[in-house]
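Student: Sharing start.cif here; it has mmCIF, C-alpha atoms.
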```
data_query
#
loop_
_atom_site.label_atom_id
_atom_site.label_comp_id
_atom_site.auth_asym_id
_atom_site.auth_seq_id
_atom_site.Cartn_x
_atom_site.Cartn_y
_atom_site.Cartn_z
CA MET A 1 0.00 0.00 0.00
CA ASN A 2 1.12 3.57 -0.72
CA SER A 3 2.20 4.86 2.69
CA ALA A 4 1.42 8.49 1.71
CA LYS A 5 -2.29 7.84 1.27
CA PRO A 6 -4.54 6.64 4.07
CA GLY A 7 -5.53 3.05 3.39
CA VAL A 8 -9.02 1.70 3.95
CA GLY A 9 -10.20 -1.84 3.24
CA VAL A 10 -13.67 -2.82 2.07
CA ILE A 11 -14.79 -6.37 2.93
CA ALA A 12 -17.26 -7.50 0.25
CA SER A 13 -17.85 -10.61 -1.82
CA ARG A 14 -20.46 -8.71 -3.79
CA VAL A 15 -19.82 -5.17 -5.00
CA ARG A 16 -23.20 -3.47 -5.33
CA PHE A 17 -24.28 0.15 -5.59
CA GLU A 18 -23.41 0.64 -1.91
CA GLU A 19 -19.89 -0.78 -2.08
CA LYS A 20 -19.14 0.92 -5.38
CA SER A 21 -20.28 4.33 -4.16
CA LEU A 22 -18.34 3.91 -0.92
CA MET A 23 -15.13 2.94 -2.73
CA ALA A 24 -15.53 5.95 -5.04
CA ALA A 25 -16.16 8.27 -2.07
CA LEU A 26 -13.02 7.00 -0.35
CA GLU A 27 -10.93 7.43 -3.49
CA ARG A 28 -12.23 10.96 -4.02
CA ARG A 29 -10.98 11.74 -0.52
CA GLY A 30 -7.52 10.52 -1.42
CA ALA A 31 -7.72 7.11 0.26
CA GLU A 32 -6.10 4.01 -1.15
CA VAL A 33 -8.89 1.46 -1.21
CA ARG A 34 -8.22 -2.24 -0.88
CA HIS A 35 -11.01 -4.61 -1.73
CA VAL A 36 -10.96 -7.56 0.69
CA ASP A 37 -12.96 -10.46 -0.70
CA PRO A 38 -13.87 -12.77 2.23
CA ARG A 39 -14.11 -15.70 -0.19
CA THR A 40 -10.33 -15.60 -0.57
CA LEU A 41 -9.42 -14.19 2.85
CA PHE A 42 -7.49 -16.25 5.30
CA ILE A 43 -5.67 -15.28 8.47
CA VAL A 44 -3.05 -17.63 9.90
CA ASP A 45 -2.49 -17.35 13.62
CA GLY A 46 0.54 -15.17 14.30
CA THR A 47 0.87 -13.83 10.76
CA ALA A 48 0.99 -10.05 10.44
CA TRP A 49 -1.76 -8.40 8.37
CA GLU A 50 -0.18 -6.31 5.66
CA GLY A 51 -3.35 -4.59 4.54
CA PRO A 52 -4.95 -1.37 5.76
CA GLY A 53 -5.40 -0.84 9.47
CA VAL A 54 -9.08 0.09 9.08
CA VAL A 55 -11.62 -1.87 7.07
CA VAL A 56 -15.37 -1.46 6.60
CA ASN A 57 -17.47 -4.61 6.66
CA ARG A 58 -19.80 -4.68 3.66
CA GLU A 59 -20.05 -8.46 3.31
CA VAL A 60 -23.55 -9.61 2.32
CA GLY A 61 -23.38 -12.98 4.12
CA HIS A 62 -23.81 -12.67 7.89
CA PHE A 63 -21.52 -15.54 8.87
CA ARG A 64 -18.78 -14.54 6.44
CA ALA A 65 -19.09 -10.98 7.74
CA LEU A 66 -18.89 -12.12 11.34
CA TYR A 67 -15.87 -14.39 10.92
CA ALA A 68 -14.03 -12.03 8.54
CA ALA A 69 -14.43 -9.25 11.11
CA GLY A 70 -13.29 -11.47 13.96
CA ALA A 71 -10.31 -12.78 12.01
CA LEU A 72 -9.16 -9.30 11.00
CA GLU A 73 -9.63 -7.95 14.52
CA SER A 74 -7.46 -10.79 15.82
CA ALA A 75 -4.77 -9.52 13.43
CA GLY A 76 -5.01 -6.03 14.92
CA VAL A 77 -7.28 -4.46 12.29
CA THR A 78 -10.02 -1.97 13.21
CA VAL A 79 -13.21 -3.27 11.58
CA VAL A 80 -16.26 -1.02 11.17
CA ASN A 81 -18.71 -2.33 12.23
CA SER A 82 -16.91 -4.46 14.81
CA ALA A 83 -17.38 -8.22 15.01
CA ALA A 84 -19.23 -7.67 18.30
CA ALA A 85 -21.70 -5.31 16.60
CA THR A 86 -22.24 -7.74 13.72
CA HIS A 87 -22.83 -10.53 16.24
CA LEU A 88 -25.49 -8.48 18.09
CA ALA A 89 -27.17 -6.87 15.09
CA GLY A 90 -27.04 -9.95 12.89
CA ASP A 91 -29.04 -12.15 15.25
CA LYS A 92 -32.56 -10.98 16.03
CA TRP A 93 -32.59 -12.38 19.55
CA HIS A 94 -29.30 -10.72 20.47
CA THR A 95 -30.60 -7.47 19.00
CA SER A 96 -33.81 -7.69 21.02
CA ALA A 97 -31.85 -8.39 24.19
CA ALA A 98 -29.56 -5.42 23.54
CA LEU A 99 -32.51 -3.09 22.87
CA LEU A 100 -34.36 -4.29 25.99
CA SER A 101 -31.26 -3.85 28.14
CA ARG A 102 -31.27 -0.18 27.17
CA GLY A 103 -34.97 0.21 27.83
CA LEU A 104 -35.75 0.86 24.16
CA PRO A 105 -39.29 0.17 22.94
CA THR A 106 -39.46 -3.02 20.89
CA PRO A 107 -42.30 -5.46 20.09
CA ARG A 108 -43.02 -8.09 22.73
CA THR A 109 -40.58 -10.87 21.92
CA ALA A 110 -39.97 -14.45 22.98
CA ILE A 111 -37.44 -17.10 22.17
CA ALA A 112 -38.09 -20.82 22.39
CA LEU A 113 -35.83 -23.76 21.71
CA GLN A 114 -38.45 -26.35 20.75
CA THR A 115 -41.88 -26.44 19.14
CA GLU A 116 -43.92 -27.11 22.30
CA ALA A 117 -42.21 -24.29 24.16
CA ALA A 118 -42.78 -22.01 21.17
CA LEU A 119 -46.52 -22.75 21.23
CA LYS A 120 -46.64 -21.87 24.94
CA ALA A 121 -44.71 -18.67 24.26
CA LEU A 122 -47.21 -17.80 21.53
CA ASP A 123 -50.08 -18.30 23.98
CA GLU A 124 -48.37 -15.74 26.24
CA ILE A 125 -47.65 -13.25 23.45
CA GLY A 126 -51.03 -13.70 21.88
CA TYR A 127 -52.16 -13.90 18.28
CA PRO A 128 -51.60 -12.64 15.67
CA ALA A 129 -47.85 -13.09 16.05
CA VAL A 130 -44.79 -13.34 13.81
CA ILE A 131 -42.21 -16.11 13.58
CA LYS A 132 -38.83 -15.01 12.23
CA PRO A 133 -35.51 -16.73 11.60
CA LEU A 134 -32.76 -15.58 13.95
CA VAL A 135 -30.44 -14.75 11.08
CA GLY A 136 -31.50 -13.52 7.69
CA SER A 137 -32.84 -10.49 5.97
CA TRP A 138 -35.01 -9.24 3.14
CA GLY A 139 -38.13 -10.60 4.86
CA ARG A 140 -37.17 -14.19 4.09
CA LEU A 141 -39.02 -16.84 6.16
CA VAL A 142 -40.78 -14.15 8.22
CA THR A 143 -44.22 -15.63 8.78
CA LYS A 144 -47.39 -14.15 10.17
CA VAL A 145 -49.27 -16.60 12.42
CA PRO A 146 -52.85 -15.49 12.97
CA ASP A 147 -53.91 -18.42 15.14
CA PRO A 148 -52.66 -21.58 16.94
CA ALA A 149 -53.46 -23.90 14.02
CA THR A 150 -51.23 -21.87 11.69
CA ALA A 151 -48.55 -21.75 14.36
CA VAL A 152 -48.52 -25.55 14.62
CA ALA A 153 -48.14 -25.90 10.85
CA VAL A 154 -45.39 -23.29 10.62
CA LEU A 155 -43.47 -24.76 13.55
CA GLU A 156 -43.60 -28.21 11.95
CA HIS A 157 -41.84 -26.75 8.94
CA VAL A 158 -39.35 -24.93 11.18
CA ALA A 159 -38.54 -28.21 12.96
CA ALA A 160 -37.81 -29.83 9.59
CA LEU A 161 -35.24 -27.20 8.56
CA PRO A 162 -31.70 -28.61 8.39
CA SER A 163 -29.65 -26.28 10.58
CA PRO A 164 -29.80 -26.47 14.41
CA GLN A 165 -29.98 -22.68 14.59
CA SER A 166 -33.18 -22.77 12.54
CA HIS A 167 -34.85 -24.71 15.36
CA VAL A 168 -34.43 -21.80 17.76
CA VAL A 169 -37.72 -20.01 17.38
CA TYR A 170 -37.88 -16.22 17.57
CA LEU A 171 -41.41 -14.90 18.10
CA GLN A 172 -42.84 -11.42 18.26
CA GLU A 173 -46.23 -9.84 18.65
CA LEU A 174 -47.52 -8.50 15.36
CA VAL A 175 -47.61 -4.74 15.70
CA ALA A 176 -50.69 -3.34 14.01
CA LYS A 177 -49.13 -0.65 11.89
CA ALA A 178 -49.60 1.40 8.82
CA ASP A 179 -48.45 -0.18 5.55
CA ARG A 180 -44.99 1.25 6.06
CA ASP A 181 -41.97 1.25 8.28
CA ILE A 182 -39.32 3.90 8.82
CA ARG A 183 -35.66 3.34 8.01
CA VAL A 184 -33.17 5.68 9.69
CA VAL A 185 -29.54 5.58 8.60
CA VAL A 186 -27.09 6.32 11.43
CA VAL A 187 -23.38 6.95 10.82
CA GLY A 188 -20.97 7.79 13.63
CA GLY A 189 -23.80 8.52 16.07
CA GLN A 190 -25.55 10.90 13.66
CA ALA A 191 -28.91 10.18 12.01
CA LEU A 192 -28.47 11.12 8.34
CA GLY A 193 -32.13 10.94 7.48
CA ALA A 194 -35.16 8.70 7.30
CA THR A 195 -37.28 7.04 4.65
CA TYR A 196 -40.70 5.46 4.71
CA ARG A 197 -40.76 2.05 3.11
CA ARG A 198 -44.17 1.13 1.78
CA GLY A 199 -45.06 -2.10 0.08
CA ALA A 200 -47.97 -4.27 -0.93
CA ASP A 201 -46.44 -7.06 1.18
CA TRP A 202 -46.74 -6.60 4.95
CA ARG A 203 -42.99 -7.20 5.06
CA THR A 204 -41.78 -3.77 4.01
CA ASN A 205 -38.36 -4.75 2.67
CA VAL A 206 -37.02 -3.03 -0.44
CA ALA A 207 -35.88 -6.51 -1.49
CA ARG A 208 -39.59 -7.48 -1.58
CA GLY A 209 -40.51 -4.51 -3.74
CA ALA A 210 -41.21 -1.89 -1.09
CA VAL A 211 -40.67 1.67 -2.26
CA SER A 212 -38.60 4.18 -0.29
CA GLU A 213 -39.72 7.78 0.04
CA PRO A 214 -38.35 10.56 2.23
CA CYS A 215 -39.67 10.73 5.77
CA PRO A 216 -39.24 13.92 7.81
CA LEU A 217 -36.67 13.11 10.49
CA SER A 218 -38.21 13.83 13.90
CA PRO A 219 -36.39 14.16 17.24
CA ASP A 220 -37.99 10.86 18.28
CA HIS A 221 -36.67 9.11 15.16
CA VAL A 222 -33.20 10.45 15.91
CA ARG A 223 -33.28 9.57 19.60
CA LEU A 224 -34.46 6.00 19.05
CA ALA A 225 -32.31 5.23 16.03
CA VAL A 226 -29.10 6.58 17.54
CA ALA A 227 -29.78 4.73 20.80
CA ALA A 228 -30.55 1.51 18.94
CA ALA A 229 -27.31 1.70 16.93
CA GLU A 230 -25.41 2.37 20.17
CA ALA A 231 -27.14 -0.55 21.91
CA VAL A 232 -25.58 -3.02 19.45
CA GLY A 233 -22.32 -1.09 19.15
CA ALA A 234 -22.80 -0.24 15.47
CA ASP A 235 -21.08 2.85 14.06
CA ILE A 236 -22.99 2.40 10.79
CA ALA A 237 -26.57 1.21 11.02
CA GLY A 238 -29.88 1.03 9.23
CA VAL A 239 -32.43 1.16 12.05
CA ASP A 240 -35.98 0.05 11.28
CA LEU A 241 -38.77 1.67 13.28
CA ILE A 242 -42.48 1.04 13.13
CA GLU A 243 -45.41 3.07 14.38
CA ASP A 244 -48.18 1.22 16.16
CA ALA A 245 -51.86 2.02 15.69
CA ASP A 246 -51.49 4.93 18.16
CA GLY A 247 -48.45 6.31 16.34
CA LYS A 248 -46.03 5.19 19.05
CA LEU A 249 -42.58 4.34 17.69
CA THR A 250 -40.96 0.96 18.25
CA VAL A 251 -37.55 -0.34 17.19
CA LEU A 252 -37.90 -3.39 14.97
CA GLU A 253 -34.31 -4.15 14.04
CA VAL A 254 -30.82 -2.78 13.52
CA ASN A 255 -28.99 -3.62 10.29
CA ASP A 256 -25.21 -3.58 10.62
CA ARG A 257 -24.39 -3.79 6.89
CA VAL A 258 -27.08 -1.38 5.78
CA GLU A 259 -28.21 -1.42 2.16
CA PHE A 260 -28.81 2.21 1.33
CA ARG A 261 -29.57 2.34 -2.38
CA GLY A 262 -33.30 2.96 -1.86
CA PHE A 263 -32.56 5.48 0.89
CA GLN A 264 -30.04 7.33 -1.30
CA GLN A 265 -32.36 7.40 -4.30
CA ALA A 266 -35.19 8.74 -2.13
CA HIS A 267 -33.06 11.58 -0.74
CA GLY A 268 -31.09 12.44 -3.87
CA SER A 269 -28.44 15.07 -3.27
CA ALA A 270 -29.83 16.07 0.14
CA VAL A 271 -27.97 13.20 1.85
CA ASP A 272 -24.79 11.38 0.84
CA VAL A 273 -24.52 8.13 2.76
CA ALA A 274 -21.31 6.93 1.10
CA ALA A 275 -19.61 10.25 1.85
CA ALA A 276 -20.62 10.11 5.52
CA ILE A 277 -19.30 6.56 5.85
CA ALA A 278 -16.07 7.45 4.02
CA ASP A 279 -15.51 10.42 6.35
CA LEU A 280 -16.03 8.19 9.39
CA LEU A 281 -13.58 5.57 8.08
CA LEU A 282 -10.90 8.14 7.27
CA GLU A 283 -11.27 9.65 10.72
CA ARG A 284 -10.66 6.16 12.15
CA ALA A 285 -7.72 5.60 9.81
CA ARG A 286 -6.12 8.89 10.89
CA ALA A 287 -6.70 8.04 14.55
CA ALA A 288 -5.16 4.59 14.05
CA ALA A 289 -2.15 6.10 12.25
CA GLY A 290 -1.70 8.65 15.03
CA ALA A 291 -1.81 5.94 17.68
CA ARG A 292 0.87 3.81 16.03
CA PRO A 293 4.26 4.05 17.79
CA MET B 1 -22.05 10.04 -18.30
CA LEU B 2 -19.59 7.17 -18.00
CA LYS B 3 -18.19 5.56 -21.14
CA ILE B 4 -18.54 1.90 -21.97
CA ALA B 5 -15.03 0.60 -21.53
CA TYR B 6 -15.46 -3.16 -21.84
CA ALA B 7 -17.92 -5.60 -23.37
CA PRO B 8 -17.13 -9.13 -22.24
CA GLU B 9 -19.34 -12.06 -23.22
CA CYS B 10 -22.10 -13.36 -21.03
CA PRO B 11 -21.05 -16.88 -19.97
CA GLU B 12 -24.66 -18.06 -20.31
CA CYS B 13 -25.81 -16.68 -23.67
CA ALA B 14 -22.64 -15.18 -25.20
CA ALA B 15 -24.23 -11.75 -25.63
CA GLN B 16 -21.94 -8.79 -25.07
CA VAL B 17 -22.41 -7.19 -21.66
CA PRO B 18 -21.37 -3.51 -21.71
CA LEU B 19 -19.38 -2.45 -18.65
CA GLU B 20 -18.70 1.17 -17.79
CA GLU B 21 -15.20 2.54 -17.20
CA ASP B 22 -15.72 2.52 -13.41
CA ALA B 23 -16.54 -1.20 -13.32
CA ARG B 24 -14.97 -3.07 -10.41
CA VAL B 25 -14.06 -6.68 -9.70
CA SER B 26 -16.88 -8.54 -7.85
CA GLU B 27 -19.42 -6.02 -9.12
CA ILE B 28 -22.80 -7.57 -9.92
CA VAL B 29 -24.22 -6.80 -13.36
CA GLU B 30 -27.07 -8.19 -15.39
CA CYS B 31 -26.96 -9.55 -18.93
CA LEU B 32 -29.49 -7.50 -20.86
CA GLU B 33 -30.21 -10.43 -23.18
CA CYS B 34 -30.79 -13.39 -20.88
CA ARG B 35 -31.20 -11.43 -17.60
CA VAL B 36 -28.86 -13.69 -15.69
CA GLU B 37 -27.03 -12.09 -12.77
CA LEU B 38 -23.27 -11.98 -13.37
CA GLU B 39 -20.21 -11.13 -11.36
CA ILE B 40 -17.23 -9.27 -12.85
CA ALA B 41 -14.46 -11.80 -12.25
CA SER B 42 -11.71 -9.60 -13.68
CA ILE B 43 -11.24 -6.27 -15.44
CA GLU B 44 -7.95 -6.94 -17.23
CA PRO B 45 -8.97 -8.97 -19.15
CA PRO B 46 -12.70 -8.30 -18.68
CA MET B 47 -14.41 -11.52 -17.67
CA LEU B 48 -17.80 -12.44 -16.24
CA THR B 49 -18.96 -15.44 -14.24
CA PRO B 50 -22.46 -16.36 -13.06
CA ALA B 51 -23.11 -14.56 -9.77
CA PRO B 52 -23.33 -16.77 -6.67
CA GLU B 53 -26.80 -17.87 -5.60
CA VAL B 54 -28.39 -16.05 -2.69
CA GLU B 55 -27.66 -17.84 0.59
CA GLU B 56 -29.81 -18.17 3.68
CA ASP B 57 -27.84 -15.65 5.74
CA TRP B 58 -27.55 -12.93 3.14
CA GLY B 59 -28.86 -9.47 3.81
CA GLU B 60 -28.09 -6.35 5.74
#
```
Translate the structure of the given file into structure tokens.

Tutor:
Amino acid sequence: MNSAKPGVGVIASRVRFEEKSLMAALERRGAEVRHVDPRTLFIVDGTAWEGPGVVVNREVGHFRALYAAGALESAGVTVVNSAAATHLAGDKWHTSAALLSRGLPTPRTAIALQTEAALKALDEIGYPAVIKPLVGSWGRLVTKVPDPATAVAVLEHVAALPSPQSHVVYLQELVAKADRDIRVVVVGGQALGATYRRGADWRTNVARGAVSEPCPLSPDHVRLAVAAAEAVGADIAGVDLIEDADGKLTVLEVNDRVEFRGFQQAHGSAVDVAAAIADLLLERARAAAGARP
Amino acid sequence: MLKIAYAPECPECAAQVPLEEDARVSEIVECLECRVELEIASIEPPMLTPAPEVEEDWGE
């Protein structure tokens, strides 16, 4: 690496709009960008890392992201977001626990380790409820259960899934909400802005065809989103909020490798997410360079 | 407006896939003919491979 330019790594097996715009933003700021593909990454115990001292984790696969971050941290690299943040934000139960520990409003949630226990938990939470996989995104396998008969059928399918982690059942009350949720992007403790995501599907993921439109950023949005990002230790986060029937805000989840294409398109030139992330990373790179003996 | 700098063949249908001058390795593009998702495997020389299938833990 050119020692005159600050070096920043980007962990990504898939370079999408987000990664491309971030790499361009870093280069415009004079950084030397190194693309770290986790598919070819390996760290041997005791071997020095010769890449940049700061890397941003943009890996699309949760487990690759988690282990790449942990491996690089073990080699002395500063990873944004940290492996600890990816661990908390990437698992819905850990996220819920982190939010609850900070007293943040979140839907009533239960975890159960077997079907019978899950049915009892659902009786406590009440119907309609939602069953979600612990790990995963884009609304995949998120299932509404309106009644006990549906719950039994869904849990039979869950029990037949191959991975042991799939058998851990994460349950939430279904929050009666408008046909939208609110995505707030937080970078370095600052809320950059918010979008409404509306879709025909009750799962308002852009990946499922939901459309993003600007949402006026309120003090409550800022307070909750910044606190939620802090709760999981994420410097960069996409925080999803929902409003219940009375308009009360609740934190649904925190995304540690936020996809911001829809958000960026909705805000146009008013917000530049890639620039904000690049500035944060360069600040960390300068701090790391200053700290080196 | 970025220029088209490369036009490698789609590995599925052999159509030319135009890539702009700011194309990057591991970038995901789509063949306009057969609509398959492709990954830029290299820039010099420009080469495409079918993009990996979505896995269970993918997302944000």

Student: Please, which residues in chain A fall within 7 Å of chain B when counting only C-alpha atoms, and what is the closest atom pair and distance in Å to one decimal for each, ordered by chain then residue number, as CSV?

Tutor:
```
residue,atom,partner,partner_atom,distance
A:Ser13,CA,B:Ser26,CA,6.4
A:Arg14,CA,B:Ser26,CA,5.4
A:Val15,CA,B:Glu27,CA,4.2
A:Arg16,CA,B:Glu27,CA,5.9
A:Val60,CA,B:Trp58,CA,5.3
A:Gly61,CA,B:Trp58,CA,4.3
A:His62,CA,B:Asp57,CA,5.5
A:Val135,CA,B:Asp57,CA,6.0
A:Gly136,CA,B:Asp57,CA,4.7
A:Ser137,CA,B:Gly59,CA,4.6
A:Trp138,CA,B:Gly59,CA,6.2
A:Asn255,CA,B:Glu60,CA,5.4
A:Asp256,CA,B:Glu60,CA,6.3
A:Arg257,CA,B:Glu60,CA,4.6
A:Val258,CA,B:Glu60,CA,5.1
A:Glu259,CA,B:Glu60,CA,6.1
```

Student: Any chance you could work out the residue set of the PyMOL selection byres ((chain B and resi 34) around 10) here, as a short mmCIF file (atom, residue, chain, number, x, y, z; two decimals) with C-alpha atoms, keeping the file's coordinate frame?

Tutor:
```cif
data_model
loop_
_atom_site.label_atom_id
_atom_site.label_comp_id
_atom_site.auth_asym_id
_atom_site.auth_seq_id
_atom_site.Cartn_x
_atom_site.Cartn_y
_atom_site.Cartn_z
CA CYS B 10 -22.10 -13.36 -21.03
CA GLU B 12 -24.66 -18.06 -20.31
CA CYS B 13 -25.81 -16.68 -23.67
CA ALA B 14 -22.64 -15.18 -25.20
CA ALA B 15 -24.23 -11.75 -25.63
CA GLU B 30 -27.07 -8.19 -15.39
CA CYS B 31 -26.96 -9.55 -18.93
CA LEU B 32 -29.49 -7.50 -20.86
CA GLU B 33 -30.21 -10.43 -23.18
CA ARG B 35 -31.20 -11.43 -17.60
CA VAL B 36 -28.86 -13.69 -15.69
CA GLU B 37 -27.03 -12.09 -12.77
#
```

Student: Starting from the shown file, work through the PyMOL selection byres ((chain A and resi 37-42) around 10) and note down what comes out as a VMD selection string.

Tutor: (chain A and resid 9 to 15 34 to 36 43 to 45 57 to 59 61 64 to 65 67 to 69 71 to 72) or (chain B and resid 25 to 26)

Student: Store the residues picked out above, limited to C-alpha atoms, as a PDB file, keeping the file's coordinate frame.

Tutor:
```pdb
ATOM      1  CA  GLY A   9     -10.200  -1.840   3.240  1.00  0.00           C
ATOM      2  CA  VAL A  10     -13.670  -2.820   2.070  1.00  0.00           C
ATOM      3  CA  ILE A  11     -14.790  -6.370   2.930  1.00  0.00           C
ATOM      4  CA  ALA A  12     -17.260  -7.500   0.250  1.00  0.00           C
ATOM      5  CA  SER A  13     -17.850 -10.610  -1.820  1.00  0.00           C
ATOM      6  CA  ARG A  14     -20.460  -8.710  -3.790  1.00  0.00           C
ATOM      7  CA  VAL A  15     -19.820  -5.170  -5.000  1.00  0.00           C
ATOM      8  CA  ARG A  34      -8.220  -2.240  -0.880  1.00  0.00           C
ATOM      9  CA  HIS A  35     -11.010  -4.610  -1.730  1.00  0.00           C
ATOM     10  CA  VAL A  36     -10.960  -7.560   0.690  1.00  0.00           C
ATOM     11  CA  ILE A  43      -5.670 -15.280   8.470  1.00  0.00           C
ATOM     12  CA  VAL A  44      -3.050 -17.630   9.900  1.00  0.00           C
ATOM     13  CA  ASP A  45      -2.490 -17.350  13.620  1.00  0.00           C
ATOM     14  CA  ASN A  57     -17.470  -4.610   6.660  1.00  0.00           C
ATOM     15  CA  ARG A  58     -19.800  -4.680   3.660  1.00  0.00           C
ATOM     16  CA  GLU A  59     -20.050  -8.460   3.310  1.00  0.00           C
ATOM     17  CA  GLY A  61     -23.380 -12.980   4.120  1.00  0.00           C
ATOM     18  CA  ARG A  64     -18.780 -14.540   6.440  1.00  0.00           C
ATOM     19  CA  ALA A  65     -19.090 -10.980   7.740  1.00  0.00           C
ATOM     20  CA  TYR A  67     -15.870 -14.390  10.920  1.00  0.00           C
ATOM     21  CA  ALA A  68     -14.030 -12.030   8.540  1.00  0.00           C
ATOM     22  CA  ALA A  69     -14.430  -9.250  11.110  1.00  0.00           C
ATOM     23  CA  ALA A  71     -10.310 -12.780  12.010  1.00  0.00           C
ATOM     24  CA  LEU A  72      -9.160  -9.300  11.000  1.00  0.00           C
TER      25      LEU A  72
ATOM     26  CA  VAL B  25     -14.060  -6.680  -9.700  1.00  0.00           C
ATOM     27  CA  SER B  26     -16.880  -8.540  -7.850  1.00  0.00           C
TER      28      SER B  26
END
```

Student: List the residues selected by the PyMOL selection byres ((chain B and resi 6) around 12) in the file shown, writing them as a ChimeraX atom specification.

Tutor: /B:2-5,7-9,16-24,40,42-48

Student: Might you pull out every residue within 8 Å of A:Val251, with all atoms listed in the file counted and same-chain residues fewer than 2 positions away left off, and present them as a list in words?

Tutor: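 In the requested form, the answer reads Leu104, Pro105, Thr106, Pro107, Leu224, Ala225, Ala228, Val239, Asp240, Leu241, Ile242, Leu249 and Glu253 of chain A.
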
Student: Could you please determine the separation between atom CA of A:Thr195 and atom CA of A:Arg223 in Å, to one decimal place?

Tutor: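 Atom-to-atom, atom CA of A:Thr195 to atom CA of A:Arg223, that is 15.7 Å.
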
Student: One decimal, in Å: what's the spacing between atom CA of A:Val55 and atom CA of A:Ala266?

Tutor: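 Atom CA of A:Val55 sits 27.4 Å away from atom CA of A:Ala266.
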
Student: Would you give the centre and edge lengths, in Å to one decimal, of a box along x, y and z around the listed atoms of stretch 16-22 of chain B, with 5 Å added to each side, as lines of an AutoDock Vina configuration file?

Tutor:
```
center_x = -18.8
center_y = -3.1
center_z = -19.2
size_x = 17.2
size_y = 21.3
size_z = 21.7
```

Student: To one decimal in Å, tell me the separation between atom CA of A:Ala98 and atom CA of A:Leu122.

Tutor: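 Atom CA of A:Leu122 lies 21.7 Å from atom CA of A:Ala98.
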
Student: Using all atoms listed in the file, which residue out of A:Gly199, A:Gly262, A:Gly233, A:Gly268 lies closest to A:Asp181?

Tutor: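 Looking at the shortest contact to A:Asp181, the residue is A:Gly199.
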
Student: Save stretch 87-99 of chain A to disk from that block, N, CA and C atoms included, as a short mmCIF file (atom, residue, chain, number, x, y, z; two decimals), in the first residue's frame.

Tutor:
```cif
data_model
loop_
_atom_site.label_atom_id
_atom_site.label_comp_id
_atom_site.auth_asym_id
_atom_site.auth_seq_id
_atom_site.Cartn_x
_atom_site.Cartn_y
_atom_site.Cartn_z
N HIS A 87 -22.25 -9.42 15.47
CA HIS A 87 -22.83 -10.53 16.24
C HIS A 87 -24.18 -10.11 16.84
N LEU A 88 -24.25 -8.92 17.44
CA LEU A 88 -25.49 -8.48 18.09
C LEU A 88 -26.56 -8.11 17.07
N ALA A 89 -26.18 -7.35 16.05
CA ALA A 89 -27.17 -6.87 15.09
C ALA A 89 -27.61 -7.96 14.12
N GLY A 90 -26.74 -8.94 13.89
CA GLY A 90 -27.04 -9.95 12.89
C GLY A 90 -27.94 -11.08 13.39
N ASP A 91 -28.19 -11.11 14.66
CA ASP A 91 -29.04 -12.15 15.25
C ASP A 91 -30.20 -11.45 15.95
N LYS A 92 -31.42 -11.76 15.54
CA LYS A 92 -32.56 -10.98 16.03
C LYS A 92 -32.74 -11.10 17.55
N TRP A 93 -32.44 -12.24 18.11
CA TRP A 93 -32.59 -12.38 19.55
C TRP A 93 -31.57 -11.51 20.28
N HIS A 94 -30.32 -11.54 19.82
CA HIS A 94 -29.30 -10.72 20.47
C HIS A 94 -29.64 -9.24 20.33
N THR A 95 -30.19 -8.87 19.18
CA THR A 95 -30.60 -7.47 19.00
C THR A 95 -31.70 -7.12 19.99
N SER A 96 -32.71 -7.97 20.08
CA SER A 96 -33.81 -7.69 21.02
C SER A 96 -33.29 -7.55 22.44
N ALA A 97 -32.40 -8.44 22.83
CA ALA A 97 -31.85 -8.39 24.19
C ALA A 97 -31.08 -7.09 24.42
N ALA A 98 -30.33 -6.67 23.42
CA ALA A 98 -29.56 -5.42 23.54
C ALA A 98 -30.50 -4.22 23.65
N LEU A 99 -31.55 -4.20 22.84
CA LEU A 99 -32.51 -3.09 22.87
C LEU A 99 -33.22 -3.05 24.23
#
```
